[in-house]
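Working notes, beginning with the structure itself.
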Amino acid sequence: MLITFRSSASNDVLMFESAAKDILRCIGKGPDEATGIITPAQLPDAINSIKVAIAADRTTPAPATDPMKEDEVSATDEPVSFAQRARPMLELMERALAEDAPVVWGV
């Protein structure tokens with residue numbers, strides 16, 4: 001399932017449900033809420049939370065590959081990090097903050 005984050009400040013950001021729930025947990029929103037809003041007043045804390053999580057994700061070592069399966073691993077098998085998944089949402093929130101606009105989902 002896809003979740004769409006919207007703001008009048010920028011283009012929509014679409015995320016798979018699991019990635020969107022990770023973002024919502026990170027910013028202190030209920031991940032199981034079908035609809036929601038990040039108000040302009042909440043955006044600075046939300047942005048900071050995402051930046052802290054991205055920094056923590058970048059310092060976490062990548063999981064080791066199984067040497068027995070090295071022949072089966074391709075470049076597309078590399079996991080997508082939280083930092084990579086969160087970047088579009090972070091940019092949306094920064095633009096929304098600059099324009100004093102909310103970010104909503106599920107509406």
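Following the order of the structure tokens, first chain is A, next is B, and so on, with residues numbered from 1 inside each chain and ligands from 1 in the order they appear.
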* To do: Quick one: everything within 6 Å of segment 9-12 of chain A, counting only C-alpha atoms, minus sequence neighbours fewer than 4 positions away in the same chain. Send it as JSON, numbers by chain.
  => {"A": [5, 95, 96]}
Based on the selection just made, write all heavy atoms of those residues as a PDB file, in the first residue's frame.
```pdb
ATOM      1  N   PHE A   5       2.050  11.816   1.045  1.00  0.00           N
ATOM      2  CA  PHE A   5       2.213  12.998   1.881  1.00  0.00           C
ATOM      3  C   PHE A   5       2.077  14.207   0.965  1.00  0.00           C
ATOM      4  O   PHE A   5       2.702  14.263  -0.091  1.00  0.00           O
ATOM      5  CB  PHE A   5       3.579  12.996   2.577  1.00  0.00           C
ATOM      6  CG  PHE A   5       3.725  11.896   3.588  1.00  0.00           C
ATOM      7  CD1 PHE A   5       4.262  10.667   3.230  1.00  0.00           C
ATOM      8  CD2 PHE A   5       3.300  12.076   4.893  1.00  0.00           C
ATOM      9  CE1 PHE A   5       4.389   9.654   4.155  1.00  0.00           C
ATOM     10  CE2 PHE A   5       3.422  11.068   5.833  1.00  0.00           C
ATOM     11  CZ  PHE A   5       3.972   9.844   5.455  1.00  0.00           C
ATOM     12  N   ARG A  95      10.525  22.404   2.797  1.00  0.00           N
ATOM     13  CA  ARG A  95       9.816  23.354   1.926  1.00  0.00           C
ATOM     14  C   ARG A  95       8.527  23.832   2.581  1.00  0.00           C
ATOM     15  O   ARG A  95       8.178  25.014   2.481  1.00  0.00           O
ATOM     16  CB  ARG A  95       9.530  22.704   0.575  1.00  0.00           C
ATOM     17  CG  ARG A  95      10.772  22.514  -0.250  1.00  0.00           C
ATOM     18  CD  ARG A  95      10.478  21.870  -1.579  1.00  0.00           C
ATOM     19  NE  ARG A  95      11.726  21.651  -2.299  1.00  0.00           N
ATOM     20  CZ  ARG A  95      11.969  20.584  -3.031  1.00  0.00           C
ATOM     21  NH1 ARG A  95      11.049  19.647  -3.182  1.00  0.00           N
ATOM     22  NH2 ARG A  95      13.125  20.458  -3.644  1.00  0.00           N
ATOM     23  N   ALA A  96       7.823  22.925   3.233  1.00  0.00           N
ATOM     24  CA  ALA A  96       6.588  23.296   3.920  1.00  0.00           C
ATOM     25  C   ALA A  96       6.884  24.296   5.037  1.00  0.00           C
ATOM     26  O   ALA A  96       6.157  25.279   5.211  1.00  0.00           O
ATOM     27  CB  ALA A  96       5.893  22.053   4.482  1.00  0.00           C
TER      28      ALA A  96
END
```
* Asked: Got a sec: who's within 9 Å of Met15 of chain A, counting only C-alpha atoms, leaving out chain neighbours fewer than 5 positions off, as a PyMOL selection string?
  -> chain A and resi 1-5+20+85
* Asked: Out of A:Ser8, A:Thr59, A:Ser18, A:Thr39, which residue has the shortest atom-to-atom distance to Ala83 of chain A when counting only C-alpha atoms?
  ->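 Smallest separation from Ala83 of chain A among the options: A:Thr59.
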* To do: May I ask for the distance between atom CA of Gln42 of chain A and atom CA of Leu14 of chain A, given in Å to one decimal place?
  =>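 Rounded to one decimal, the two atoms are 20.7 Å apart.
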* Asked: So which one's closest to Lys51 of chain A, A:Ile23, A:Val107, A:Ala34, A:Ala98? Using only C-alpha atoms, please.
  -> A:Ile23
* Expected answer as JSON, numbers by chain: alpha helix (DSSP H) residues in segment 9-99 of chain A -> {"A": [17, 18, 19, 20, 21, 22, 23, 24, 25, 26, 43, 44, 45, 46, 47, 48, 49, 50, 51, 52, 53, 54, 55, 56, 57, 58, 59, 82, 83, 84, 85, 86, 87, 88, 89, 90, 91, 92, 93, 94, 95, 96, 97, 98]}
* To do: Give me the residues within 12 Å of Leu24 of chain A as a ChimeraX atom specification, counting only C-alpha atoms and dropping any in the same chain fewer than 5 places off.
  => /A:3,5,15,17-19,29-38,46-47,49-50,53,86,89-90,103-105
* Can you list every residue in chain A that DSSP puts in strand (DSSP E), as a PyMOL selection string? -> chain A and resi 2-7+10-16+36-38+103-105
Can I get the selection written as a PDB file, in the first residue's frame, with N, CA and C atoms?
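Saved result, selection.pdb, follows:
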```pdb
ATOM      1  N   LEU A   2       0.450   2.272  -0.680  1.00  0.00           N
ATOM      2  CA  LEU A   2       1.182   3.532  -0.742  1.00  0.00           C
ATOM      3  C   LEU A   2       0.512   4.581   0.130  1.00  0.00           C
ATOM      4  N   ILE A   3       1.325   5.413   0.735  1.00  0.00           N
ATOM      5  CA  ILE A   3       0.829   6.546   1.507  1.00  0.00           C
ATOM      6  C   ILE A   3       1.372   7.800   0.837  1.00  0.00           C
ATOM      7  N   THR A   4       0.485   8.779   0.626  1.00  0.00           N
ATOM      8  CA  THR A   4       0.862  10.024  -0.034  1.00  0.00           C
ATOM      9  C   THR A   4       0.910  11.151   0.988  1.00  0.00           C
ATOM     10  N   PHE A   5       2.050  11.816   1.045  1.00  0.00           N
ATOM     11  CA  PHE A   5       2.213  12.998   1.881  1.00  0.00           C
ATOM     12  C   PHE A   5       2.077  14.207   0.965  1.00  0.00           C
ATOM     13  N   ARG A   6       1.264  15.188   1.401  1.00  0.00           N
ATOM     14  CA  ARG A   6       0.988  16.355   0.566  1.00  0.00           C
ATOM     15  C   ARG A   6       1.238  17.646   1.337  1.00  0.00           C
ATOM     16  N   SER A   7       1.645  18.649   0.577  1.00  0.00           N
ATOM     17  CA  SER A   7       1.769  20.002   1.094  1.00  0.00           C
ATOM     18  C   SER A   7       1.640  20.952  -0.086  1.00  0.00           C
ATOM     19  N   SER A  10       5.050  21.914  -2.013  1.00  0.00           N
ATOM     20  CA  SER A  10       5.877  21.082  -2.874  1.00  0.00           C
ATOM     21  C   SER A  10       5.045  19.981  -3.505  1.00  0.00           C
ATOM     22  N   ASN A  11       5.706  19.167  -4.320  1.00  0.00           N
ATOM     23  CA  ASN A  11       5.053  18.009  -4.920  1.00  0.00           C
ATOM     24  C   ASN A  11       4.779  16.955  -3.859  1.00  0.00           C
ATOM     25  N   ASP A  12       3.851  16.056  -4.161  1.00  0.00           N
ATOM     26  CA  ASP A  12       3.526  14.958  -3.256  1.00  0.00           C
ATOM     27  C   ASP A  12       4.720  14.016  -3.113  1.00  0.00           C
ATOM     28  N   VAL A  13       4.778  13.360  -1.959  1.00  0.00           N
ATOM     29  CA  VAL A  13       5.772  12.319  -1.718  1.00  0.00           C
ATOM     30  C   VAL A  13       4.997  11.032  -1.459  1.00  0.00           C
ATOM     31  N   LEU A  14       5.238  10.015  -2.285  1.00  0.00           N
ATOM     32  CA  LEU A  14       4.601   8.716  -2.124  1.00  0.00           C
ATOM     33  C   LEU A  14       5.594   7.753  -1.496  1.00  0.00           C
ATOM     34  N   MET A  15       5.116   6.975  -0.523  1.00  0.00           N
ATOM     35  CA  MET A  15       5.980   6.007   0.144  1.00  0.00           C
ATOM     36  C   MET A  15       5.218   4.713   0.344  1.00  0.00           C
ATOM     37  N   PHE A  16       5.965   3.618   0.330  1.00  0.00           N
ATOM     38  CA  PHE A  16       5.360   2.368   0.742  1.00  0.00           C
ATOM     39  C   PHE A  16       4.976   2.493   2.209  1.00  0.00           C
ATOM     40  N   GLY A  36      -3.576  12.295   8.837  1.00  0.00           N
ATOM     41  CA  GLY A  36      -2.879  13.091   9.834  1.00  0.00           C
ATOM     42  C   GLY A  36      -2.326  14.366   9.250  1.00  0.00           C
ATOM     43  N   ILE A  37      -1.749  15.150  10.154  1.00  0.00           N
ATOM     44  CA  ILE A  37      -1.193  16.441   9.762  1.00  0.00           C
ATOM     45  C   ILE A  37       0.046  16.728  10.603  1.00  0.00           C
ATOM     46  N   ILE A  38       1.001  17.341   9.956  1.00  0.00           N
ATOM     47  CA  ILE A  38       2.161  17.923  10.641  1.00  0.00           C
ATOM     48  C   ILE A  38       1.996  19.418  10.445  1.00  0.00           C
ATOM     49  N   VAL A 103       1.906  19.658   6.365  1.00  0.00           N
ATOM     50  CA  VAL A 103       2.058  18.426   5.591  1.00  0.00           C
ATOM     51  C   VAL A 103       0.955  17.484   6.059  1.00  0.00           C
ATOM     52  N   VAL A 104       0.218  16.910   5.125  1.00  0.00           N
ATOM     53  CA  VAL A 104      -0.896  16.019   5.473  1.00  0.00           C
ATOM     54  C   VAL A 104      -0.730  14.684   4.760  1.00  0.00           C
ATOM     55  N   TRP A 105      -1.418  13.661   5.275  1.00  0.00           N
ATOM     56  CA  TRP A 105      -1.477  12.383   4.594  1.00  0.00           C
ATOM     57  C   TRP A 105      -2.865  11.780   4.808  1.00  0.00           C
TER      58      TRP A 105
END
```
* Asked: Hey, can you check how far atom CA of Asp100 of chain A sits from atom CA of Pro44 of chain A?
  ->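 Those two atoms sit 10.9 Å apart.
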* Asked: Restricting the calculation to only C-alpha atoms, which member of A:Gly28, A:Leu43, A:Ala56, A:Glu94 is positioned closest to Phe82 of chain A?
  ->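 Of the candidates, the smallest distance to Phe82 of chain A is held by A:Ala56.
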* From the list A:Gln84, A:Leu92, A:Lys21, A:Gly106, which residue is nearest Arg58 of chain A when using only C-alpha atoms? ->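 Using only C-alpha atoms, the shortest distance to Arg58 of chain A belongs to A:Gln84.
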